[in-house]
$ cat model18.cif   # mmCIF, C-alpha atoms
data_run
loop_
_atom_site.group_PDB
_atom_site.id
_atom_site.type_symbol
_atom_site.label_atom_id
_atom_site.label_comp_id
_atom_site.auth_asym_id
_atom_site.auth_seq_id
_atom_site.Cartn_x
_atom_site.Cartn_y
_atom_site.Cartn_z
ATOM 1 C CA MET A 60 0.000 0.000 0.000
ATOM 2 C CA GLU A 61 2.910 2.339 0.777
ATOM 3 C CA PHE A 62 4.193 1.903 -2.781
ATOM 4 C CA ALA A 63 0.696 2.668 -4.108
ATOM 5 C CA TYR A 64 0.611 5.939 -2.163
ATOM 6 C CA SER A 65 3.992 6.973 -3.563
ATOM 7 C CA PHE A 66 2.878 5.978 -7.062
ATOM 8 C CA ALA A 67 -0.241 8.136 -6.645
ATOM 9 C CA GLY A 68 2.027 10.992 -5.559
ATOM 10 C CA LEU A 69 4.194 10.404 -8.626
ATOM 11 C CA VAL A 70 1.182 10.474 -10.989
ATOM 12 C CA VAL A 71 -0.361 13.577 -9.432
ATOM 13 C CA GLY A 72 3.000 15.339 -9.281
ATOM 14 C CA PHE A 73 3.586 14.524 -12.942
ATOM 15 C CA ILE A 74 0.155 15.885 -13.925
ATOM 16 C CA VAL A 75 0.720 19.044 -11.855
ATOM 17 C CA GLY A 76 4.049 19.603 -13.581
ATOM 18 C CA LEU A 77 2.488 18.825 -16.958
ATOM 19 C CA THR A 78 -0.600 21.023 -16.703
ATOM 20 C CA GLY A 79 -0.073 23.445 -13.836
ATOM 21 C CA ILE A 80 -3.372 22.326 -12.257
ATOM 22 C CA GLY A 81 -3.236 22.282 -8.449
ATOM 23 C CA GLY A 82 -2.505 18.943 -6.822
ATOM 24 C CA GLY A 83 -5.354 19.243 -4.317
ATOM 25 C CA ALA A 84 -7.923 19.019 -7.100
ATOM 26 C CA LEU A 85 -6.516 15.608 -8.003
ATOM 27 C CA MET A 86 -4.949 14.140 -4.879
ATOM 28 C CA THR A 87 -7.900 14.459 -2.503
ATOM 29 C CA PRO A 88 -10.366 12.680 -4.848
ATOM 30 C CA ILE A 89 -7.802 9.928 -5.502
ATOM 31 C CA LEU A 90 -7.256 9.359 -1.784
ATOM 32 C CA ILE A 91 -11.008 9.168 -1.148
ATOM 33 C CA VAL A 92 -12.224 7.261 -4.216
ATOM 34 C CA VAL A 93 -9.255 4.992 -5.041
ATOM 35 C CA PHE A 94 -7.817 4.289 -1.588
ATOM 36 C CA GLY A 95 -10.989 4.650 0.475
ATOM 37 C CA ILE A 96 -9.383 7.081 2.912
ATOM 38 C CA PRO A 97 -11.949 9.015 5.011
ATOM 39 C CA PRO A 98 -12.532 12.561 3.655
ATOM 40 C CA ILE A 99 -11.339 14.233 6.867
ATOM 41 C CA ILE A 100 -7.970 12.400 6.680
ATOM 42 C CA ALA A 101 -7.641 12.926 2.915
ATOM 43 C CA VAL A 102 -8.338 16.678 3.062
ATOM 44 C CA SER A 103 -6.177 17.258 6.140
ATOM 45 C CA THR A 104 -3.171 15.364 4.788
ATOM 46 C CA ASP A 105 -3.506 16.864 1.318
ATOM 47 C CA LEU A 106 -3.413 20.414 2.708
ATOM 48 C CA LEU A 107 0.094 19.881 4.094
ATOM 49 C CA TYR A 108 1.049 17.924 0.960
ATOM 50 C CA ALA A 109 0.019 20.900 -1.197
ATOM 51 C CA SER A 110 1.872 23.400 0.971
ATOM 52 C CA VAL A 111 5.139 21.430 0.833
ATOM 53 C CA THR A 112 5.003 20.650 -2.906
ATOM 54 C CA LYS A 113 4.233 24.261 -3.849
ATOM 55 C CA PHE A 114 6.790 25.798 -1.487
ATOM 56 C CA GLY A 115 9.751 25.155 -3.777
ATOM 57 C CA GLY A 116 8.185 27.126 -6.612
ATOM 58 C CA VAL A 117 7.937 30.325 -4.553
ATOM 59 C CA PHE A 118 11.674 31.052 -4.717
ATOM 60 C CA ALA A 119 11.822 30.976 -8.521
ATOM 61 C CA TYR A 120 9.012 33.560 -8.782
ATOM 62 C CA ALA A 121 10.483 35.678 -5.963
ATOM 63 C CA ARG A 122 13.899 35.816 -7.638
ATOM 64 C CA LYS A 123 12.270 37.087 -10.842
ATOM 65 C CA LYS A 124 10.199 39.629 -8.837
ATOM 66 C CA LEU A 125 6.955 38.113 -10.105
ATOM 67 C CA ILE A 126 5.087 38.315 -6.789
ATOM 68 C CA GLU A 127 2.719 41.183 -6.014
ATOM 69 C CA TRP A 128 3.117 41.250 -2.236
ATOM 70 C CA ARG A 129 0.382 43.840 -1.712
ATOM 71 C CA ILE A 130 -2.153 41.489 -3.293
ATOM 72 C CA VAL A 131 -0.786 38.527 -1.328
ATOM 73 C CA ILE A 132 -1.321 40.463 1.925
ATOM 74 C CA LEU A 133 -4.863 41.433 0.902
ATOM 75 C CA LEU A 134 -5.735 37.822 0.062
ATOM 76 C CA LEU A 135 -4.216 36.499 3.289
ATOM 77 C CA SER A 136 -6.040 39.183 5.307
ATOM 78 C CA GLY A 137 -9.228 37.452 4.192
ATOM 79 C CA SER A 138 -8.191 33.813 3.782
ATOM 80 C CA ILE A 139 -6.468 33.333 7.144
ATOM 81 C CA PRO A 140 -9.513 34.476 9.179
ATOM 82 C CA GLY A 141 -11.738 32.512 6.767
ATOM 83 C CA SER A 142 -9.667 29.385 7.337
ATOM 84 C CA LEU A 143 -9.530 29.812 11.127
ATOM 85 C CA LEU A 144 -13.287 30.379 11.368
ATOM 86 C CA THR A 145 -13.898 27.283 9.225
ATOM 87 C CA LEU A 146 -11.602 25.222 11.462
ATOM 88 C CA GLU A 147 -13.507 26.393 14.542
ATOM 89 C CA TYR A 148 -16.765 25.416 12.841
ATOM 90 C CA LEU A 149 -15.392 21.935 12.079
ATOM 91 C CA LYS A 150 -14.290 21.510 15.688
ATOM 92 C CA GLY A 151 -17.845 22.336 16.746
ATOM 93 C CA LEU A 152 -19.310 19.488 14.681
ATOM 94 C CA ALA A 153 -19.564 16.550 17.031
ATOM 95 C CA ALA A 154 -20.541 13.880 14.485
ATOM 96 C CA LEU A 155 -17.905 12.649 12.038
ATOM 97 C CA ASP A 156 -20.664 11.960 9.493
ATOM 98 C CA ASP A 157 -21.607 15.648 9.508
ATOM 99 C CA ILE A 158 -17.991 16.678 8.866
ATOM 100 C CA GLU A 159 -17.533 14.192 6.027
ATOM 101 C CA HIS A 160 -20.857 15.119 4.408
ATOM 102 C CA LEU A 161 -19.866 18.800 4.472
ATOM 103 C CA MET A 162 -16.402 18.020 3.076
ATOM 104 C CA ASN A 163 -17.756 15.839 0.271
ATOM 105 C CA LEU A 164 -20.221 18.516 -0.791
ATOM 106 C CA THR A 165 -17.654 21.329 -0.605
ATOM 107 C CA LEU A 166 -15.100 19.204 -2.451
ATOM 108 C CA GLY A 167 -17.562 18.605 -5.290
ATOM 109 C CA ILE A 168 -18.490 22.296 -5.568
ATOM 110 C CA SER A 169 -14.822 23.337 -5.439
ATOM 111 C CA LEU A 170 -13.911 20.868 -8.195
ATOM 112 C CA ILE A 171 -16.750 22.084 -10.434
ATOM 113 C CA LEU A 172 -15.707 25.716 -9.906
ATOM 114 C CA THR A 173 -12.092 24.767 -10.581
ATOM 115 C CA SER A 174 -13.051 23.004 -13.827
ATOM 116 C CA ILE A 175 -14.925 26.138 -14.948
ATOM 117 C CA ALA A 176 -11.847 28.220 -14.106
ATOM 118 C CA VAL A 177 -9.647 25.860 -16.151
ATOM 119 C CA PHE A 178 -11.990 25.966 -19.151
ATOM 120 C CA GLY A 179 -12.584 29.702 -19.023
ATOM 121 C CA ARG A 180 -9.267 31.176 -17.922
ATOM 122 C CA ASN A 181 -8.404 32.719 -21.290
ATOM 123 C CA LYS A 182 -11.973 33.912 -21.918
ATOM 124 C CA ILE A 183 -12.096 35.498 -18.458
ATOM 125 C CA ARG A 184 -8.894 37.388 -19.190
ATOM 126 C CA LYS A 185 -10.085 38.593 -22.620
ATOM 127 C CA PHE A 186 -13.417 39.766 -21.216
ATOM 128 C CA ALA A 187 -11.778 41.574 -18.281
ATOM 129 C CA LEU A 188 -9.404 43.390 -20.632
ATOM 130 C CA LYS A 189 -12.251 44.235 -23.031
ATOM 131 C CA VAL A 190 -14.404 45.971 -20.414
ATOM 132 C CA GLU A 191 -11.539 47.520 -18.449
ATOM 133 C CA GLY A 192 -11.999 51.005 -19.913
ATOM 134 C CA ARG A 193 -15.731 51.273 -19.200
ATOM 135 C CA PRO A 194 -16.905 53.755 -16.541
ATOM 136 C CA TRP A 195 -18.444 51.161 -14.238
ATOM 137 C CA VAL A 196 -15.182 49.208 -14.207
ATOM 138 C CA ALA A 197 -13.236 52.346 -13.240
ATOM 139 C CA LYS A 198 -15.632 52.864 -10.314
ATOM 140 C CA ALA A 199 -15.355 49.198 -9.352
ATOM 141 C CA LYS A 200 -11.563 49.506 -9.076
ATOM 142 C CA LYS A 201 -12.064 51.708 -6.010
ATOM 143 C CA VAL A 202 -13.446 48.742 -4.097
ATOM 144 C CA ARG A 203 -11.035 46.217 -5.619
ATOM 145 C CA PRO A 204 -8.938 45.887 -2.414
ATOM 146 C CA ALA A 205 -12.083 45.044 -0.445
ATOM 147 C CA VAL A 206 -13.182 42.541 -3.117
ATOM 148 C CA THR A 207 -9.701 40.977 -3.051
ATOM 149 C CA LEU A 208 -9.953 40.562 0.717
ATOM 150 C CA LEU A 209 -13.444 39.048 0.382
ATOM 151 C CA THR A 210 -12.070 36.694 -2.284
ATOM 152 C CA GLY A 211 -9.519 35.567 0.293
ATOM 153 C CA VAL A 212 -12.300 34.822 2.798
ATOM 154 C CA VAL A 213 -14.088 32.601 0.252
ATOM 155 C CA LEU A 214 -10.884 30.797 -0.731
ATOM 156 C CA GLY A 215 -9.967 30.311 2.926
ATOM 157 C CA GLY A 216 -13.239 28.525 3.607
ATOM 158 C CA LEU A 217 -13.206 26.424 0.445
ATOM 159 C CA VAL A 218 -9.577 25.332 0.800
ATOM 160 C CA THR A 219 -9.910 24.464 4.497
ATOM 161 C CA LEU A 220 -12.973 22.311 3.825
ATOM 162 C CA SER A 221 -11.827 20.635 0.613
ATOM 163 C CA SER A 222 -8.084 21.358 0.036
ATOM 164 C CA VAL A 223 -9.193 22.551 -3.432
ATOM 165 C CA GLY A 224 -9.376 26.091 -4.793
ATOM 166 C CA ALA A 225 -6.062 27.737 -3.943
ATOM 167 C CA GLY A 226 -4.644 26.988 -7.413
ATOM 168 C CA ALA A 227 -6.782 27.269 -10.536
ATOM 169 C CA LEU A 228 -9.694 28.970 -8.770
ATOM 170 C CA GLY A 229 -7.449 31.533 -7.096
ATOM 171 C CA THR A 230 -5.750 32.237 -10.410
ATOM 172 C CA ALA A 231 -9.081 32.808 -12.175
ATOM 173 C CA MET A 232 -10.168 35.263 -9.477
ATOM 174 C CA LEU A 233 -6.914 37.199 -9.792
ATOM 175 C CA ILE A 234 -7.266 37.336 -13.589
ATOM 176 C CA THR A 235 -10.746 38.817 -13.158
ATOM 177 C CA LEU A 236 -9.663 41.403 -10.597
ATOM 178 C CA TYR A 237 -6.246 42.266 -12.078
ATOM 179 C CA PRO A 238 -6.387 41.634 -15.854
ATOM 180 C CA ARG A 239 -3.343 43.844 -16.520
ATOM 181 C CA MET A 240 -1.081 41.639 -14.423
ATOM 182 C CA SER A 241 1.082 39.276 -16.457
ATOM 183 C CA MET A 242 0.238 35.582 -16.170
ATOM 184 C CA PRO A 243 3.608 34.746 -14.527
ATOM 185 C CA ALA A 244 2.933 37.440 -11.888
ATOM 186 C CA ILE A 245 -0.591 36.109 -11.306
ATOM 187 C CA VAL A 246 0.717 32.551 -10.927
ATOM 188 C CA GLY A 247 3.530 33.648 -8.599
ATOM 189 C CA THR A 248 1.190 35.751 -6.453
ATOM 190 C CA ASP A 249 -1.380 32.969 -6.241
ATOM 191 C CA LEU A 250 1.352 30.438 -5.430
ATOM 192 C CA VAL A 251 2.617 32.378 -2.393
ATOM 193 C CA HIS A 252 -0.934 32.810 -1.126
ATOM 194 C CA ALA A 253 -1.648 29.113 -1.651
ATOM 195 C CA VAL A 254 1.480 27.981 0.222
ATOM 196 C CA VAL A 255 0.656 30.090 3.282
ATOM 197 C CA LEU A 256 -3.071 29.280 3.242
ATOM 198 C CA THR A 257 -2.681 25.513 2.841
ATOM 199 C CA GLY A 258 0.073 25.519 5.474
ATOM 200 C CA ILE A 259 -2.124 27.296 8.037
ATOM 201 C CA ALA A 260 -5.192 25.203 7.197
ATOM 202 C CA GLY A 261 -3.079 22.023 7.312
ATOM 203 C CA ALA A 262 -1.654 23.006 10.705
ATOM 204 C CA GLY A 263 -5.192 23.559 11.959
ATOM 205 C CA HIS A 264 -6.249 20.124 10.773
ATOM 206 C CA TYR A 265 -3.112 18.647 12.368
ATOM 207 C CA SER A 266 -4.162 20.152 15.706
ATOM 208 C CA MET A 267 -7.454 18.269 15.270
ATOM 209 C CA GLY A 268 -5.487 15.027 14.921
ATOM 210 C CA SER A 269 -6.659 14.305 11.375
ATOM 211 C CA VAL A 270 -3.337 14.405 9.480
ATOM 212 C CA ASP A 271 -1.719 11.063 8.570
ATOM 213 C CA LEU A 272 2.014 11.879 8.624
ATOM 214 C CA SER A 273 3.123 8.518 7.190
ATOM 215 C CA LEU A 274 0.706 8.939 4.273
ATOM 216 C CA LEU A 275 2.042 12.462 3.754
ATOM 217 C CA ALA A 276 5.629 11.169 3.606
ATOM 218 C CA TYR A 277 4.806 8.504 1.005
ATOM 219 C CA LEU A 278 2.907 11.000 -1.157
ATOM 220 C CA LEU A 279 5.793 13.464 -1.097
ATOM 221 C CA LEU A 280 8.271 10.700 -1.909
ATOM 222 C CA GLY A 281 6.534 10.156 -5.242
ATOM 223 C CA SER A 282 5.301 13.645 -6.060
ATOM 224 C CA LEU A 283 8.561 15.606 -5.964
ATOM 225 C CA PRO A 284 10.231 13.687 -8.831
ATOM 226 C CA GLY A 285 6.860 13.586 -10.612
ATOM 227 C CA VAL A 286 6.603 17.386 -10.625
ATOM 228 C CA PHE A 287 10.180 17.657 -11.921
ATOM 229 C CA VAL A 288 9.615 15.286 -14.854
ATOM 230 C CA GLY A 289 6.151 16.637 -15.679
ATOM 231 C CA SER A 290 7.310 20.255 -15.774
ATOM 232 C CA HIS A 291 10.015 19.426 -18.309
ATOM 233 C CA ILE A 292 7.602 17.570 -20.604
ATOM 234 C CA GLY A 293 4.814 20.108 -20.040
ATOM 235 C CA ALA A 294 6.952 22.905 -21.423
ATOM 236 C CA LYS A 295 6.736 21.191 -24.826
ATOM 237 C CA LEU A 296 2.965 20.601 -24.810
ATOM 238 C CA SER A 297 0.254 23.053 -25.767
ATOM 239 C CA PRO A 298 -2.042 24.124 -22.900
ATOM 240 C CA LYS A 299 -4.851 24.248 -25.493
ATOM 241 C CA VAL A 300 -4.704 20.446 -25.519
ATOM 242 C CA MET A 301 -4.151 19.732 -21.828
ATOM 243 C CA GLN A 302 -6.459 22.274 -20.167
ATOM 244 C CA PRO A 303 -9.730 21.011 -21.717
ATOM 245 C CA ILE A 304 -8.800 17.439 -20.762
ATOM 246 C CA MET A 305 -8.070 18.414 -17.155
ATOM 247 C CA GLY A 306 -11.156 20.627 -16.984
ATOM 248 C CA SER A 307 -13.353 17.739 -18.123
ATOM 249 C CA ILE A 308 -11.837 15.326 -15.595
ATOM 250 C CA LEU A 309 -12.299 17.778 -12.722
ATOM 251 C CA LEU A 310 -15.903 18.479 -13.772
ATOM 252 C CA VAL A 311 -16.816 14.767 -13.799
ATOM 253 C CA ILE A 312 -15.169 14.160 -10.405
ATOM 254 C CA GLY A 313 -16.830 17.266 -8.966
ATOM 255 C CA VAL A 314 -20.306 16.187 -10.066
ATOM 256 C CA ARG A 315 -19.664 12.749 -8.570
ATOM 257 C CA PHE A 316 -18.881 14.241 -5.145
ATOM 258 C CA VAL A 317 -21.842 16.634 -5.240
ATOM 259 C CA LEU A 318 -24.212 13.745 -5.999
ATOM 260 C CA ALA A 319 -22.569 11.538 -3.350
ATOM 261 C CA GLY A 320 -22.698 14.359 -0.772
#
$ encode --input "model18.cif" --output "structure tokens"
Amino acid sequence: MEFAYSFAGLVVGFIVGLTGIGGGALMTPILIVVFGIPPIIAVSTDLLYASVTKFGGVFAYARKKLIEWRIVILLLSGSIPGSLLTLEYLKGLAALDDIEHLMNLTLGISLILTSIAVFGRNKIRKFALKVEGRPWVAKAKKVRPAVTLLTGVVLGGLVTLSSVGAGALGTAMLITLYPRMSMPAIVGTDLVHAVVLTGIAGAGHYSMGSVDLSLLAYLLLGSLPGVFVGSHIGAKLSPKVMQPIMGSILLVIGVRFVLAG
């Protein structure tokens, strides 16, 4: 079984490197559906798994000055309280069945939203750029910091409950709010936010005793080389081919969890 966990980490890491789609959107469903791991353990362990695997990428973006720290702070000002409040709510649920039902439902919704973000990322960017000069957009920019903070609150809740949303969904929200930012800067900014958010949420779940450290170690053992190999091959593949495939997979898995929830 330990080898199977590492192999799952290898596959997910390879796909993340190949497509850039967040590992949480793939790893959590695999742990639940394929290995039969309880949702609370799968989500909790995957949060720390995501934080560790994404941490290495932060330095490359920081060296190239592709991180908008002001936006990171705004997002974290919303997502950290959102995550902590969600953790307190989970601690208040006495029945494990209630927690797992909530996690299954949130996981399904998060996966569906993520699939929409994957499908529509380019269209979202084109639309945001098209309407940027209109008067109502100029007025909306005045409240953009507040909207960014509120976006963080939503992501904090979703990620803490499902381990999904900090990657593709966060990127889509940043594209909508900041269409003039370059894609590398959006990815770098979202990556820093995701590392901190998943780390805090994972630590909260660890305090609840729901993180399987041995499972985490086996997943990381496979995923780190998987990301390395996938990123090298992914650089040669067109995202126009891979993104629709990944979007479709995430949509199907998301619907499955919503119906099961």
$ residues_near_point --input "model18.cif" --point "(-3.7, 13.8, -7.5)" --cutoff "9 Å" --atoms "only C-alpha atoms" --output "list of chain:residue names"
A:Ala67, A:Gly68, A:Leu69, A:Val70, A:Val71, A:Gly72, A:Ile74, A:Val75, A:Gly81, A:Gly82, A:Gly83, A:Ala84, A:Leu85, A:Met86, A:Thr87, A:Pro88, A:Ile89, A:Leu90
$ axis_aligned_box --input "model18.cif" --around "range 268-271 of chain A" --padding-each-side "4 Å" --output "lines of an AutoDock Vina configuration file"
center_x = -4.2
center_y = 13.0
center_z = 11.7
size_x = 12.9
size_y = 12.0
size_z = 14.4
$ resolve_selection --input "model18.cif" --expression "the PyMOL selection byres ((chain A and resi 219) around 10)" --output "ChimeraX atom specification"
/A:102-103,106,138-139,141-146,149,162,165,214-218,220-225,256-257,259-261,263-264
$ write_last_selection --input "model18.cif" --atoms "C-alpha atoms" --output "tab-separated table (two decimals), in the frame of the given file"
chain	number	residue	atom	x	y	z
A	102	VAL	CA	-8.34	16.68	3.06
A	103	SER	CA	-6.18	17.26	6.14
A	106	LEU	CA	-3.41	20.41	2.71
A	138	SER	CA	-8.19	33.81	3.78
A	139	ILE	CA	-6.47	33.33	7.14
A	141	GLY	CA	-11.74	32.51	6.77
A	142	SER	CA	-9.67	29.38	7.34
A	143	LEU	CA	-9.53	29.81	11.13
A	144	LEU	CA	-13.29	30.38	11.37
A	145	THR	CA	-13.90	27.28	9.22
A	146	LEU	CA	-11.60	25.22	11.46
A	149	LEU	CA	-15.39	21.94	12.08
A	162	MET	CA	-16.40	18.02	3.08
A	165	THR	CA	-17.65	21.33	-0.60
A	214	LEU	CA	-10.88	30.80	-0.73
A	215	GLY	CA	-9.97	30.31	2.93
A	216	GLY	CA	-13.24	28.52	3.61
A	217	LEU	CA	-13.21	26.42	0.44
A	218	VAL	CA	-9.58	25.33	0.80
A	220	LEU	CA	-12.97	22.31	3.82
A	221	SER	CA	-11.83	20.64	0.61
A	222	SER	CA	-8.08	21.36	0.04
A	223	VAL	CA	-9.19	22.55	-3.43
A	224	GLY	CA	-9.38	26.09	-4.79
A	225	ALA	CA	-6.06	27.74	-3.94
A	256	LEU	CA	-3.07	29.28	3.24
A	257	THR	CA	-2.68	25.51	2.84
A	259	ILE	CA	-2.12	27.30	8.04
A	260	ALA	CA	-5.19	25.20	7.20
A	261	GLY	CA	-3.08	22.02	7.31
A	263	GLY	CA	-5.19	23.56	11.96
A	264	HIS	CA	-6.25	20.12	10.77
$ atom_distance --input "model18.cif" --atom1 "CA of Gln302 in chain A" --atom2 "CA of Val314 in chain A"
18.2 Å
$ residues_around --input "model18.cif" --residues "Arg239 in chain A" --least-positions-apart "6" --cutoff "10 Å" --atoms "all atoms listed in the file" --output "list of chain:residue names"
A:Arg184, A:Ala187, A:Leu188, A:Glu191, A:Ile245
$ atom_distance --input "model18.cif" --atom1 "CA of Ala227 in chain A" --atom2 "CA of Val177 in chain A"
6.5 Å
$ atom_distance --input "model18.cif" --atom1 "CA of Ala231 in chain A" --atom2 "CA of Lys198 in chain A"
21.2 Å
$ residues_around --input "model18.cif" --residues "Ile308 in chain A" --least-positions-apart "2" --cutoff "12 Å" --atoms "only C-alpha atoms" --output "PyMOL selection string"
chain A and resi 80+84-85+88+170-171+173-175+177-178+301-306+310-315
$ residues_around --input "model18.cif" --residues "range 275-284 of chain A" --least-positions-apart "3" --cutoff "8 Å" --atoms "only C-alpha atoms" --output "list in words"
Glu61, Phe62, Tyr64, Ser65, Phe66, Ala67, Gly68, Leu69, Val70, Val71, Gly72, Phe73, Thr104, Asp105, Leu107, Tyr108, Thr112, Asp271, Leu272, Phe287 and Val288 of chain A
$ closest_residue --input "model18.cif" --among "A:Pro243, A:Gly211, A:Pro238, A:Gly285" --to "Ser136 in chain A" --atoms "all atoms listed in the file"
A:Gly211
$ resolve_selection --input "model18.cif" --expression "the PyMOL selection byres ((chain A and resi 161) around 10)" --output "PyMOL selection string"
chain A and resi 98-99+149+155-160+162-166+220-221+320
$ resolve_selection --input "model18.cif" --expression "the PyMOL selection byres ((chain A and resi 209) around 9)" --output "list of chain:residue names"
A:Leu133, A:Leu134, A:Ser136, A:Gly137, A:Ser138, A:Pro204, A:Ala205, A:Val206, A:Thr207, A:Leu208, A:Thr210, A:Gly211, A:Val212, A:Val213, A:Leu214
$ closest_residue --input "model18.cif" --among "A:Ser273, A:Ser307, A:Thr248, A:Ser169" --to "Glu127 in chain A" --atoms "all atoms listed in the file"
A:Thr248
